[in-house]
$ cat upload-v6.pdb   # PDB, C-alpha atoms
ATOM      1  CA  MET A   1      -2.464  30.788  18.009
ATOM      2  CA  THR A   2       0.680  30.733  15.882
ATOM      3  CA  GLN A   3       0.627  31.914  12.275
ATOM      4  CA  HIS A   4       2.901  29.254  10.793
ATOM      5  CA  HIS A   5       0.499  28.751   7.886
ATOM      6  CA  ALA A   6      -0.267  32.364   7.030
ATOM      7  CA  ASP A   7       1.163  31.818   3.532
ATOM      8  CA  THR A   8      -0.308  28.350   3.023
ATOM      9  CA  HIS A   9      -2.789  27.641   0.238
ATOM     10  CA  ALA A  10      -3.850  24.090   1.038
ATOM     11  CA  LEU A  11      -5.709  21.298  -0.707
ATOM     12  CA  VAL A  12      -6.921  18.540   1.628
ATOM     13  CA  THR A  13      -8.588  15.403   0.241
ATOM     14  CA  GLY A  14     -10.984  13.261   2.240
ATOM     15  CA  ALA A  15     -11.830  16.432   4.125
ATOM     16  CA  ALA A  16     -15.599  16.302   4.607
ATOM     17  CA  GLN A  17     -15.136  14.726   8.039
ATOM     18  CA  GLY A  18     -12.672  12.861  10.231
ATOM     19  CA  LEU A  19      -8.945  13.377   9.895
ATOM     20  CA  GLY A  20      -9.043  15.448   6.706
ATOM     21  CA  LEU A  21     -11.418  17.935   8.297
ATOM     22  CA  ALA A  22      -9.335  18.018  11.498
ATOM     23  CA  ILE A  23      -6.230  18.872   9.460
ATOM     24  CA  ALA A  24      -8.110  21.647   7.675
ATOM     25  CA  ARG A  25      -9.205  23.089  11.016
ATOM     26  CA  GLU A  26      -5.665  22.969  12.381
ATOM     27  CA  LEU A  27      -4.230  24.700   9.318
ATOM     28  CA  ILE A  28      -6.797  27.471   9.682
ATOM     29  CA  ALA A  29      -6.038  27.748  13.409
ATOM     30  CA  GLN A  30      -2.393  28.265  12.440
ATOM     31  CA  GLY A  31      -3.155  31.094  10.030
ATOM     32  CA  CYS A  32      -4.120  29.444   6.716
ATOM     33  CA  ARG A  33      -6.629  31.686   4.957
ATOM     34  CA  LYS A  34      -7.117  29.859   1.665
ATOM     35  CA  LEU A  35      -8.050  26.184   1.670
ATOM     36  CA  VAL A  36      -9.873  23.704  -0.550
ATOM     37  CA  LEU A  37     -11.635  20.689   0.907
ATOM     38  CA  ALA A  38     -12.166  17.754  -1.440
ATOM     39  CA  ASP A  39     -14.369  14.729  -0.893
ATOM     40  CA  ARG A  40     -16.926  12.458  -2.560
ATOM     41  CA  ASN A  41     -19.601  13.549  -0.064
ATOM     42  CA  ALA A  42     -20.759  16.858  -1.515
ATOM     43  CA  GLU A  43     -23.417  17.686   1.082
ATOM     44  CA  THR A  44     -21.138  17.148   4.078
ATOM     45  CA  GLY A  45     -18.193  18.757   2.323
ATOM     46  CA  ARG A  46     -20.056  21.936   1.429
ATOM     47  CA  ALA A  47     -21.340  22.238   4.995
ATOM     48  CA  ALA A  48     -17.801  21.828   6.337
ATOM     49  CA  ALA A  49     -16.439  24.477   3.962
ATOM     50  CA  ALA A  50     -19.180  26.902   4.967
ATOM     51  CA  ALA A  51     -18.500  26.312   8.665
ATOM     52  CA  LEU A  52     -14.773  26.964   8.229
ATOM     53  CA  SER A  53     -15.247  30.117   6.136
ATOM     54  CA  GLN A  54     -15.053  32.644   8.948
ATOM     55  CA  ASP A  55     -12.624  35.104  10.527
ATOM     56  CA  GLY A  56     -11.069  35.858   7.134
ATOM     57  CA  ALA A  57     -10.605  32.256   6.000
ATOM     58  CA  GLU A  58     -11.771  31.426   2.475
ATOM     59  CA  VAL A  59     -12.647  27.752   2.223
ATOM     60  CA  TRP A  60     -14.007  26.089  -0.892
ATOM     61  CA  PHE A  61     -15.345  22.608  -1.494
ATOM     62  CA  GLU A  62     -14.587  20.530  -4.575
ATOM     63  CA  GLU A  63     -16.355  17.235  -5.161
ATOM     64  CA  ALA A  64     -13.830  14.615  -6.233
ATOM     65  CA  ASP A  65     -13.473  10.846  -6.306
ATOM     66  CA  MET A  66      -9.847   9.970  -5.626
ATOM     67  CA  SER A  67     -10.298   6.535  -7.182
ATOM     68  CA  ASP A  68     -10.394   8.326 -10.554
ATOM     69  CA  HIS A  69      -6.748   9.221 -11.140
ATOM     70  CA  ALA A  70      -7.560  11.773 -13.854
ATOM     71  CA  ALA A  71     -10.040  13.493 -11.531
ATOM     72  CA  ALA A  72      -7.462  13.448  -8.741
ATOM     73  CA  ALA A  73      -4.953  15.269 -10.943
ATOM     74  CA  ALA A  74      -7.557  17.704 -12.248
ATOM     75  CA  LEU A  75      -8.543  18.464  -8.652
ATOM     76  CA  VAL A  76      -5.161  20.148  -8.120
ATOM     77  CA  ASP A  77      -5.797  22.458 -11.069
ATOM     78  CA  ARG A  78      -9.293  23.281  -9.821
ATOM     79  CA  ALA A  79      -7.923  24.064  -6.370
ATOM     80  CA  ALA A  80      -5.278  26.331  -7.911
ATOM     81  CA  ASP A  81      -7.995  28.144  -9.865
ATOM     82  CA  ARG A  82      -9.845  28.735  -6.585
ATOM     83  CA  MET A  83      -6.872  29.895  -4.524
ATOM     84  CA  GLY A  84      -4.429  31.254  -7.104
ATOM     85  CA  ARG A  85      -1.908  28.559  -6.239
ATOM     86  CA  VAL A  86      -1.543  25.396  -4.169
ATOM     87  CA  THR A  87       1.393  25.322  -1.764
ATOM     88  CA  SER A  88       0.408  22.322   0.371
ATOM     89  CA  LEU A  89      -1.301  19.017  -0.411
ATOM     90  CA  VAL A  90      -2.723  16.505   2.045
ATOM     91  CA  ASN A  91      -3.697  13.088   0.689
ATOM     92  CA  ALA A  92      -6.141  11.984   3.403
ATOM     93  CA  ALA A  93      -8.859  10.263   1.347
ATOM     94  CA  GLY A  94      -8.986   6.518   1.843
ATOM     95  CA  ASN A  95     -10.897   3.304   1.170
ATOM     96  CA  CYS A  96     -11.055   1.128   4.290
ATOM     97  CA  GLU A  97     -12.938  -1.887   2.921
ATOM     98  CA  ARG A  98     -12.014  -5.188   4.518
ATOM     99  CA  GLY A  99     -10.287  -8.173   2.926
ATOM    100  CA  SER A 100      -7.588 -10.714   3.715
ATOM    101  CA  ILE A 101      -5.158 -12.826   1.717
ATOM    102  CA  LEU A 102      -7.785 -15.586   1.787
ATOM    103  CA  ASP A 103     -10.820 -13.727   0.481
ATOM    104  CA  THR A 104      -9.785 -10.561  -1.410
ATOM    105  CA  ASP A 105     -10.896 -10.599  -5.030
ATOM    106  CA  PRO A 106      -9.342  -8.516  -7.830
ATOM    107  CA  ASP A 107     -12.201  -6.007  -7.844
ATOM    108  CA  LEU A 108     -11.752  -5.239  -4.136
ATOM    109  CA  TRP A 109      -7.981  -4.970  -4.607
ATOM    110  CA  ASP A 110      -8.422  -2.539  -7.501
ATOM    111  CA  ARG A 111     -10.974  -0.381  -5.648
ATOM    112  CA  ILE A 112      -8.753   0.002  -2.616
ATOM    113  CA  PHE A 113      -5.577   0.650  -4.590
ATOM    114  CA  ALA A 114      -7.323   3.153  -6.873
ATOM    115  CA  THR A 115      -8.276   5.359  -3.923
ATOM    116  CA  ASN A 116      -5.359   4.767  -1.569
ATOM    117  CA  ALA A 117      -2.403   4.599  -3.952
ATOM    118  CA  LYS A 118      -3.188   5.522  -7.568
ATOM    119  CA  GLY A 119      -5.267   8.643  -6.951
ATOM    120  CA  PRO A 120      -2.842  10.134  -4.416
ATOM    121  CA  PHE A 121       0.101   9.396  -6.724
ATOM    122  CA  PHE A 122      -1.384  11.398  -9.581
ATOM    123  CA  ALA A 123      -2.612  14.185  -7.308
ATOM    124  CA  LEU A 124       0.931  14.498  -5.964
ATOM    125  CA  GLN A 125       2.330  14.335  -9.491
ATOM    126  CA  ARG A 126       0.182  17.238 -10.676
ATOM    127  CA  PHE A 127       0.897  19.194  -7.491
ATOM    128  CA  ALA A 128       4.642  18.700  -7.974
ATOM    129  CA  GLN A 129       4.474  19.670 -11.641
ATOM    130  CA  ARG A 130       2.739  22.908 -10.798
ATOM    131  CA  CYS A 131       5.155  23.665  -7.956
ATOM    132  CA  VAL A 132       8.118  23.168 -10.272
ATOM    133  CA  ASP A 133       6.580  25.305 -13.012
ATOM    134  CA  GLU A 134       5.636  28.086 -10.591
ATOM    135  CA  GLY A 135       8.748  27.973  -8.409
ATOM    136  CA  ILE A 136       6.830  26.993  -5.280
ATOM    137  CA  ALA A 137       8.626  25.229  -2.432
ATOM    138  CA  GLY A 138       5.610  23.028  -1.781
ATOM    139  CA  THR A 139       4.862  20.553   0.985
ATOM    140  CA  CYS A 140       2.833  17.361   0.975
ATOM    141  CA  VAL A 141       1.695  14.974   3.698
ATOM    142  CA  ASN A 142       0.395  11.541   2.775
ATOM    143  CA  ILE A 143      -1.822   9.842   5.335
ATOM    144  CA  LEU A 144      -0.576   6.273   5.662
ATOM    145  CA  SER A 145      -1.363   3.539   8.174
ATOM    146  CA  ILE A 146       0.416   1.663  10.930
ATOM    147  CA  THR A 147      -0.751  -1.473   9.095
ATOM    148  CA  VAL A 148       2.146  -1.055   6.642
ATOM    149  CA  HIS A 149       4.200  -2.937   9.251
ATOM    150  CA  GLY A 150       2.000  -6.031   8.908
ATOM    151  CA  GLY A 151      -1.419  -5.119  10.177
ATOM    152  CA  THR A 152      -4.315  -7.423  10.877
ATOM    153  CA  ALA A 153      -5.676 -10.200   8.681
ATOM    154  CA  PHE A 154      -8.728  -8.274   7.482
ATOM    155  CA  LEU A 155      -6.658  -5.300   6.259
ATOM    156  CA  GLY A 156      -4.609  -7.175   3.645
ATOM    157  CA  PRO A 157      -5.208  -5.029   0.546
ATOM    158  CA  TYR A 158      -5.667  -1.870   2.615
ATOM    159  CA  GLY A 159      -2.249  -2.242   4.249
ATOM    160  CA  ALA A 160      -0.690  -3.106   0.891
ATOM    161  CA  SER A 161      -2.144   0.043  -0.666
ATOM    162  CA  LYS A 162      -0.787   2.211   2.132
ATOM    163  CA  ALA A 163       2.602   0.528   1.788
ATOM    164  CA  ALA A 164       2.534   1.515  -1.888
ATOM    165  CA  LEU A 165       1.791   5.108  -0.892
ATOM    166  CA  LEU A 166       4.626   4.960   1.643
ATOM    167  CA  TYR A 167       7.010   4.071  -1.179
ATOM    168  CA  THR A 168       5.602   6.935  -3.258
ATOM    169  CA  THR A 169       6.215   9.254  -0.293
ATOM    170  CA  LYS A 170       9.884   8.355   0.027
ATOM    171  CA  ASN A 171      10.575   8.091  -3.685
ATOM    172  CA  SER A 172       8.943  11.414  -4.517
ATOM    173  CA  ALA A 173      10.641  13.103  -1.550
ATOM    174  CA  ASN A 174      13.995  12.120  -2.990
ATOM    175  CA  THR A 175      13.023  13.064  -6.536
ATOM    176  CA  LEU A 176      11.594  16.454  -5.590
ATOM    177  CA  ALA A 177      14.168  17.591  -3.030
ATOM    178  CA  LYS A 178      16.157  19.438  -5.687
ATOM    179  CA  HIS A 179      13.028  21.494  -6.340
ATOM    180  CA  ARG A 180      12.657  22.215  -2.588
ATOM    181  CA  ILE A 181       9.392  20.286  -2.461
ATOM    182  CA  ARG A 182       9.017  18.256   0.731
ATOM    183  CA  VAL A 183       6.950  15.056   1.025
ATOM    184  CA  ASN A 184       6.322  13.257   4.325
ATOM    185  CA  GLY A 185       3.928  10.615   5.629
ATOM    186  CA  ILE A 186       2.127   9.626   8.814
ATOM    187  CA  ASN A 187       1.440   5.991   9.722
ATOM    188  CA  VAL A 188      -1.786   6.522  11.643
ATOM    189  CA  GLY A 189      -2.905   3.936  14.190
ATOM    190  CA  TRP A 190      -6.452   2.965  15.144
ATOM    191  CA  MET A 191      -8.248   6.302  15.082
ATOM    192  CA  ASP A 192     -11.496   7.640  16.483
ATOM    193  CA  THR A 193     -13.439   9.042  13.497
ATOM    194  CA  PRO A 194     -17.067   9.018  12.322
ATOM    195  CA  GLY A 195     -16.016   6.733   9.479
ATOM    196  CA  GLU A 196     -14.395   4.263  11.860
ATOM    197  CA  ASP A 197     -17.588   4.131  13.911
ATOM    198  CA  VAL A 198     -19.521   3.113  10.798
ATOM    199  CA  ILE A 199     -16.877   0.553   9.806
ATOM    200  CA  GLN A 200     -16.785  -1.088  13.230
ATOM    201  CA  GLN A 201     -20.539  -1.541  13.239
ATOM    202  CA  LYS A 202     -20.781  -2.579   9.570
ATOM    203  CA  TYR A 203     -17.840  -4.967   9.275
ATOM    204  CA  HIS A 204     -17.220  -6.092  12.846
ATOM    205  CA  GLY A 205     -20.699  -6.222  14.353
ATOM    206  CA  ARG A 206     -19.887  -3.862  17.214
ATOM    207  CA  ALA A 207     -22.779  -2.181  18.996
ATOM    208  CA  PRO A 208     -23.140   1.599  19.241
ATOM    209  CA  GLY A 209     -20.922   2.856  22.040
ATOM    210  CA  TRP A 210     -18.247   0.205  21.343
ATOM    211  CA  ARG A 211     -15.537   2.853  21.688
ATOM    212  CA  ASP A 212     -15.699   3.063  25.495
ATOM    213  CA  ALA A 213     -14.879  -0.618  26.043
ATOM    214  CA  VAL A 214     -12.097  -0.575  23.449
ATOM    215  CA  GLU A 215     -10.456   2.550  24.840
ATOM    216  CA  ALA A 216     -10.492   1.170  28.385
ATOM    217  CA  ASN A 217      -8.078  -1.548  27.250
ATOM    218  CA  LEU A 218      -5.642   0.648  25.333
ATOM    219  CA  PRO A 219      -2.313   1.788  26.851
ATOM    220  CA  PHE A 220      -3.242   5.483  26.927
ATOM    221  CA  GLY A 221      -6.965   4.944  27.457
ATOM    222  CA  MET A 222      -7.965   6.312  24.078
ATOM    223  CA  LEU A 223      -7.920   5.657  20.369
ATOM    224  CA  VAL A 224      -5.744   7.972  18.285
ATOM    225  CA  LYS A 225      -7.619  11.276  17.983
ATOM    226  CA  PRO A 226      -7.849  13.194  14.681
ATOM    227  CA  GLU A 227      -6.849  16.492  16.281
ATOM    228  CA  HIS A 228      -3.586  14.951  17.491
ATOM    229  CA  VAL A 229      -2.672  13.699  14.023
ATOM    230  CA  ALA A 230      -3.746  17.060  12.596
ATOM    231  CA  GLY A 231      -1.124  18.783  14.719
ATOM    232  CA  GLN A 232       1.555  16.470  13.346
ATOM    233  CA  ALA A 233       0.383  17.048   9.783
ATOM    234  CA  ALA A 234       0.402  20.825  10.215
ATOM    235  CA  PHE A 235       3.931  20.632  11.625
ATOM    236  CA  LEU A 236       5.193  18.611   8.655
ATOM    237  CA  LEU A 237       3.463  20.934   6.193
ATOM    238  CA  GLY A 238       4.808  24.105   7.779
ATOM    239  CA  PRO A 239       8.102  25.937   8.199
ATOM    240  CA  GLN A 240       8.727  24.554  11.711
ATOM    241  CA  SER A 241       9.704  21.194  10.182
ATOM    242  CA  GLY A 242      12.463  22.902   8.225
ATOM    243  CA  VAL A 243      14.129  20.626   5.697
ATOM    244  CA  VAL A 244      12.473  17.390   6.830
ATOM    245  CA  THR A 245      11.421  15.278   3.861
ATOM    246  CA  GLY A 246      10.902  11.578   3.250
ATOM    247  CA  SER A 247      10.046  11.153   6.927
ATOM    248  CA  ILE A 248       7.493   8.533   8.016
ATOM    249  CA  VAL A 249       6.022   9.047  11.499
ATOM    250  CA  ASP A 250       4.503   6.072  13.338
ATOM    251  CA  PHE A 251       1.590   7.797  15.042
ATOM    252  CA  ASP A 252       0.395   5.101  17.424
ATOM    253  CA  GLN A 253       0.553   3.975  21.052
ATOM    254  CA  ASN A 254       1.866   0.491  20.296
ATOM    255  CA  VAL A 255       5.590   0.234  19.609
ATOM    256  CA  VAL A 256       6.267  -1.586  16.358
ATOM    257  CA  GLY A 257       8.390  -4.687  16.948
ATOM    258  CA  ALA A 258       7.958  -4.690  20.726
ATOM    259  CA  TYR A 259       6.814  -7.855  22.492
ATOM    260  CA  PRO A 260       4.668  -8.019  25.637
ATOM    261  CA  ASP A 261       6.426  -8.754  28.898
ATOM    262  CA  THR A 262       6.932 -12.537  28.717
ATOM    263  CA  ASP A 263       6.638 -12.780  32.522
ATOM    264  CA  ASN A 264       2.947 -12.011  32.053
ATOM    265  CA  LEU A 265       2.362 -14.715  29.439
TER     266      LEU A 265
END
$ encode --input "upload-v6.pdb" --output "C-alpha cells"
Amino acid sequence: MTQHHADTHALVTGAAQGLGLAIARELIAQGCRKLVLADRNAETGRAAAAALSQDGAEVWFEEADMSDHAAAAALVDRAADRMGRVTSLVNAAGNCERGSILDTDPDLWDRIFATNAKGPFFALQRFAQRCVDEGIAGTCVNILSITVHGGTAFLGPYGASKAALLYTTKNSANTLAKHRIRVNGINVGWMDTPGEDVIQQKYHGRAPGWRDAVEANLPFGMLVKPEHVAGQAAFLLGPQSGVVTGSIVDFDQNVVGAYPDTDNL
C-alpha cells in the first residue's frame, strides 16, 4: 500500500463506526501512524482504537460530543497533546434525526445544527488556528450530504445543516489558502453504515435485511459504501490532491439535475 499519509497526524470525529472509522482505516492503510478517533460512544470508540493500534500505528480515542462547540474546539487541543500535532481533520460526526418543513420544531433544529454545523465550525477554527501558529500546511475534509441539493422531505433541517457546513467549507478554504491550509468537502449519498441500518428501522419502519431490496433497485446495485468514500477522503487529505481546496465532491450514483428518460414515463 502507498505511504501518502506517512506524515499525517489525523483527528477524525464520528469515528467509532461507519464512515469515520472507514476513513481512519484508510489513512492507516496509507501510512498514517498517529491518529485520534473521537466519538460520543466511548465503549465502541475505545474498542476501535485498540483494534487499529497495530503494525506501528498509535491510535487514541477521545470521547467528545460535537454538539458542544467548546468541547469540539478543545478536542483539537487534546488530540494535539496525544500526537504532538494535528495535520489533518475530518469532520464526520453527524446528527441524522428526521424532520421536515412541516413538523420540525426549534429544539430539533438546534440539535441538528449544533452537531452538523456549529461543532465542526469551531473544531475547524481551532485546527486552523493551531496550524497557523505552528506553520502546518494542514488539510481538512468535511463530510457533507447530497441532500444539500434539495434532499427529501424528512431531511429538512439535516440538509440545511449540511448546506451550512458546505458554506463553511468554501469560505474557510478561501480564507485559509494564504496559510496553505486546504479545506474540501464530500456530498455523500445514501450510504450503507451501521447507523443507517438503525435509522431505517427506527424512523422508516423497515425490517431487518431491508438493504437487499433497496440495493436491487439502485443504478449500481449498491448503496454508497464507506470504504469508497474513505478513499476519496484520504485523497483530499493527502499530497496527491495537490493544491485542491474549496472542492465539493458529489459522491453519489444519481446525477444531480438529471431527469429520467421521459420516454419511460
$ resolve_selection --input "upload-v6.pdb" --expression "the PyMOL selection byres ((chain A and resi 73-84) around 12)" --output "PDB file with C-alpha atoms, in the frame of the given file"
ATOM      1  CA  ASP A   7       1.163  31.818   3.532  1.00  0.00           C
ATOM      2  CA  THR A   8      -0.308  28.350   3.023  1.00  0.00           C
ATOM      3  CA  HIS A   9      -2.789  27.641   0.238  1.00  0.00           C
ATOM      4  CA  ALA A  10      -3.850  24.090   1.038  1.00  0.00           C
ATOM      5  CA  LEU A  11      -5.709  21.298  -0.707  1.00  0.00           C
ATOM      6  CA  VAL A  12      -6.921  18.540   1.628  1.00  0.00           C
ATOM      7  CA  THR A  13      -8.588  15.403   0.241  1.00  0.00           C
ATOM      8  CA  CYS A  32      -4.120  29.444   6.716  1.00  0.00           C
ATOM      9  CA  ARG A  33      -6.629  31.686   4.957  1.00  0.00           C
ATOM     10  CA  LYS A  34      -7.117  29.859   1.665  1.00  0.00           C
ATOM     11  CA  LEU A  35      -8.050  26.184   1.670  1.00  0.00           C
ATOM     12  CA  VAL A  36      -9.873  23.704  -0.550  1.00  0.00           C
ATOM     13  CA  LEU A  37     -11.635  20.689   0.907  1.00  0.00           C
ATOM     14  CA  ALA A  38     -12.166  17.754  -1.440  1.00  0.00           C
ATOM     15  CA  ASP A  39     -14.369  14.729  -0.893  1.00  0.00           C
ATOM     16  CA  ARG A  40     -16.926  12.458  -2.560  1.00  0.00           C
ATOM     17  CA  ALA A  57     -10.605  32.256   6.000  1.00  0.00           C
ATOM     18  CA  GLU A  58     -11.771  31.426   2.475  1.00  0.00           C
ATOM     19  CA  VAL A  59     -12.647  27.752   2.223  1.00  0.00           C
ATOM     20  CA  TRP A  60     -14.007  26.089  -0.892  1.00  0.00           C
ATOM     21  CA  PHE A  61     -15.345  22.608  -1.494  1.00  0.00           C
ATOM     22  CA  GLU A  62     -14.587  20.530  -4.575  1.00  0.00           C
ATOM     23  CA  GLU A  63     -16.355  17.235  -5.161  1.00  0.00           C
ATOM     24  CA  ALA A  64     -13.830  14.615  -6.233  1.00  0.00           C
ATOM     25  CA  ASP A  65     -13.473  10.846  -6.306  1.00  0.00           C
ATOM     26  CA  MET A  66      -9.847   9.970  -5.626  1.00  0.00           C
ATOM     27  CA  SER A  67     -10.298   6.535  -7.182  1.00  0.00           C
ATOM     28  CA  ASP A  68     -10.394   8.326 -10.554  1.00  0.00           C
ATOM     29  CA  HIS A  69      -6.748   9.221 -11.140  1.00  0.00           C
ATOM     30  CA  ALA A  70      -7.560  11.773 -13.854  1.00  0.00           C
ATOM     31  CA  ALA A  71     -10.040  13.493 -11.531  1.00  0.00           C
ATOM     32  CA  ALA A  72      -7.462  13.448  -8.741  1.00  0.00           C
ATOM     33  CA  ARG A  85      -1.908  28.559  -6.239  1.00  0.00           C
ATOM     34  CA  VAL A  86      -1.543  25.396  -4.169  1.00  0.00           C
ATOM     35  CA  THR A  87       1.393  25.322  -1.764  1.00  0.00           C
ATOM     36  CA  SER A  88       0.408  22.322   0.371  1.00  0.00           C
ATOM     37  CA  LEU A  89      -1.301  19.017  -0.411  1.00  0.00           C
ATOM     38  CA  VAL A  90      -2.723  16.505   2.045  1.00  0.00           C
ATOM     39  CA  ASN A  91      -3.697  13.088   0.689  1.00  0.00           C
ATOM     40  CA  LYS A 118      -3.188   5.522  -7.568  1.00  0.00           C
ATOM     41  CA  GLY A 119      -5.267   8.643  -6.951  1.00  0.00           C
ATOM     42  CA  PRO A 120      -2.842  10.134  -4.416  1.00  0.00           C
ATOM     43  CA  PHE A 121       0.101   9.396  -6.724  1.00  0.00           C
ATOM     44  CA  PHE A 122      -1.384  11.398  -9.581  1.00  0.00           C
ATOM     45  CA  ALA A 123      -2.612  14.185  -7.308  1.00  0.00           C
ATOM     46  CA  LEU A 124       0.931  14.498  -5.964  1.00  0.00           C
ATOM     47  CA  GLN A 125       2.330  14.335  -9.491  1.00  0.00           C
ATOM     48  CA  ARG A 126       0.182  17.238 -10.676  1.00  0.00           C
ATOM     49  CA  PHE A 127       0.897  19.194  -7.491  1.00  0.00           C
ATOM     50  CA  ALA A 128       4.642  18.700  -7.974  1.00  0.00           C
ATOM     51  CA  GLN A 129       4.474  19.670 -11.641  1.00  0.00           C
ATOM     52  CA  ARG A 130       2.739  22.908 -10.798  1.00  0.00           C
ATOM     53  CA  CYS A 131       5.155  23.665  -7.956  1.00  0.00           C
ATOM     54  CA  GLU A 134       5.636  28.086 -10.591  1.00  0.00           C
TER      55      GLU A 134
END
$ closest_residue --input "upload-v6.pdb" --among "A:Gly205, A:Ala153, A:Ala233, A:Thr169" --to "Ala24 in chain A" --atoms "all atoms listed in the file"
A:Ala233
$ resolve_selection --input "upload-v6.pdb" --expression "the PyMOL selection byres ((chain A and resi 179-184) around 9)" --output "number ranges by chain"
A: 128, 131-132, 135-143, 166, 169-170, 172-178, 185-186, 233, 236-237, 243-249
$ resolve_selection --input "upload-v6.pdb" --expression "the PyMOL selection byres ((chain A and resi 225) around 9)" --output "PyMOL selection string"
chain A and resi 19+190-193+222-224+226-230
$ residues_near_point --input "upload-v6.pdb" --point "(-16.6, -1.5, 3.3)" --cutoff "10 Å" --atoms "all atoms listed in the file" --output "mmCIF file with C-alpha atoms, in the frame of the given file"
data_model
loop_
_atom_site.group_PDB
_atom_site.id
_atom_site.type_symbol
_atom_site.label_atom_id
_atom_site.label_comp_id
_atom_site.auth_asym_id
_atom_site.auth_seq_id
_atom_site.Cartn_x
_atom_site.Cartn_y
_atom_site.Cartn_z
ATOM 1 C CA ASN A 95 -10.897 3.304 1.170
ATOM 2 C CA CYS A 96 -11.055 1.128 4.290
ATOM 3 C CA GLU A 97 -12.938 -1.887 2.921
ATOM 4 C CA ARG A 98 -12.014 -5.188 4.518
ATOM 5 C CA GLY A 99 -10.287 -8.173 2.926
ATOM 6 C CA LEU A 108 -11.752 -5.239 -4.136
ATOM 7 C CA ILE A 112 -8.753 0.002 -2.616
ATOM 8 C CA VAL A 198 -19.521 3.113 10.798
ATOM 9 C CA ILE A 199 -16.877 0.553 9.806
ATOM 10 C CA GLN A 200 -16.785 -1.088 13.230
ATOM 11 C CA LYS A 202 -20.781 -2.579 9.570
ATOM 12 C CA TYR A 203 -17.840 -4.967 9.275
#
$ atom_distance --input "upload-v6.pdb" --atom1 "CA of Asn187 in chain A" --atom2 "CA of Val256 in chain A"
11.2 Å
$ closest_residue --input "upload-v6.pdb" --among "A:Gly94, A:Gln201, A:Val255, A:Gly242" --to "Pro219 in chain A" --atoms "only C-alpha atoms"
A:Val255
$ atom_distance --input "upload-v6.pdb" --atom1 "CA of Gly18 in chain A" --atom2 "CA of Asn254 in chain A"
21.6 Å
$ closest_residue --input "upload-v6.pdb" --among "A:Arg211, A:Arg25, A:Lys162, A:Arg206" --to "Ala51 in chain A" --atoms "all atoms listed in the file"
A:Arg25
$ build_atoms --input "upload-v6.pdb" --residues "range 98-110 of chain A" --atoms "N, CA, C and O atoms" --output "short mmCIF file (atom, residue, chain, number, x, y, z; two decimals), keeping the file's coordinate frame"
data_model
loop_
_atom_site.label_atom_id
_atom_site.label_comp_id
_atom_site.auth_asym_id
_atom_site.auth_seq_id
_atom_site.Cartn_x
_atom_site.Cartn_y
_atom_site.Cartn_z
N ARG A 98 -12.72 -4.06 3.91
CA ARG A 98 -12.01 -5.19 4.52
C ARG A 98 -11.74 -6.31 3.52
O ARG A 98 -12.51 -6.53 2.60
N GLY A 99 -10.64 -7.01 3.74
CA GLY A 99 -10.29 -8.17 2.93
C GLY A 99 -8.97 -8.75 3.40
O GLY A 99 -8.10 -8.01 3.87
N SER A 100 -8.82 -10.05 3.30
CA SER A 100 -7.59 -10.71 3.72
C SER A 100 -6.96 -11.43 2.53
O SER A 100 -7.51 -11.45 1.43
N ILE A 101 -5.83 -12.06 2.77
CA ILE A 101 -5.16 -12.83 1.72
C ILE A 101 -6.01 -14.00 1.27
O ILE A 101 -5.86 -14.52 0.16
N LEU A 102 -6.95 -14.42 2.10
CA LEU A 102 -7.78 -15.59 1.79
C LEU A 102 -9.04 -15.25 1.01
O LEU A 102 -9.58 -16.12 0.31
N ASP A 103 -9.52 -14.01 1.09
CA ASP A 103 -10.82 -13.73 0.48
C ASP A 103 -10.87 -12.49 -0.40
O ASP A 103 -11.92 -12.16 -0.95
N THR A 104 -9.78 -11.76 -0.57
CA THR A 104 -9.78 -10.56 -1.41
C THR A 104 -9.86 -10.93 -2.88
O THR A 104 -9.04 -11.73 -3.37
N ASP A 105 -10.82 -10.36 -3.59
CA ASP A 105 -10.90 -10.60 -5.03
C ASP A 105 -10.27 -9.42 -5.79
O ASP A 105 -10.03 -8.36 -5.20
N PRO A 106 -10.01 -9.59 -7.07
CA PRO A 106 -9.34 -8.52 -7.83
C PRO A 106 -10.10 -7.19 -7.83
O PRO A 106 -9.48 -6.12 -7.84
N ASP A 107 -11.43 -7.25 -7.84
CA ASP A 107 -12.20 -6.01 -7.84
C ASP A 107 -11.99 -5.22 -6.55
O ASP A 107 -11.84 -3.99 -6.59
N LEU A 108 -12.00 -5.91 -5.41
CA LEU A 108 -11.75 -5.24 -4.14
C LEU A 108 -10.35 -4.65 -4.11
O LEU A 108 -10.14 -3.50 -3.70
N TRP A 109 -9.37 -5.44 -4.54
CA TRP A 109 -7.98 -4.97 -4.61
C TRP A 109 -7.88 -3.69 -5.43
O TRP A 109 -7.29 -2.70 -5.01
N ASP A 110 -8.50 -3.69 -6.61
CA ASP A 110 -8.42 -2.54 -7.50
C ASP A 110 -9.11 -1.32 -6.91
O ASP A 110 -8.61 -0.19 -7.05
#
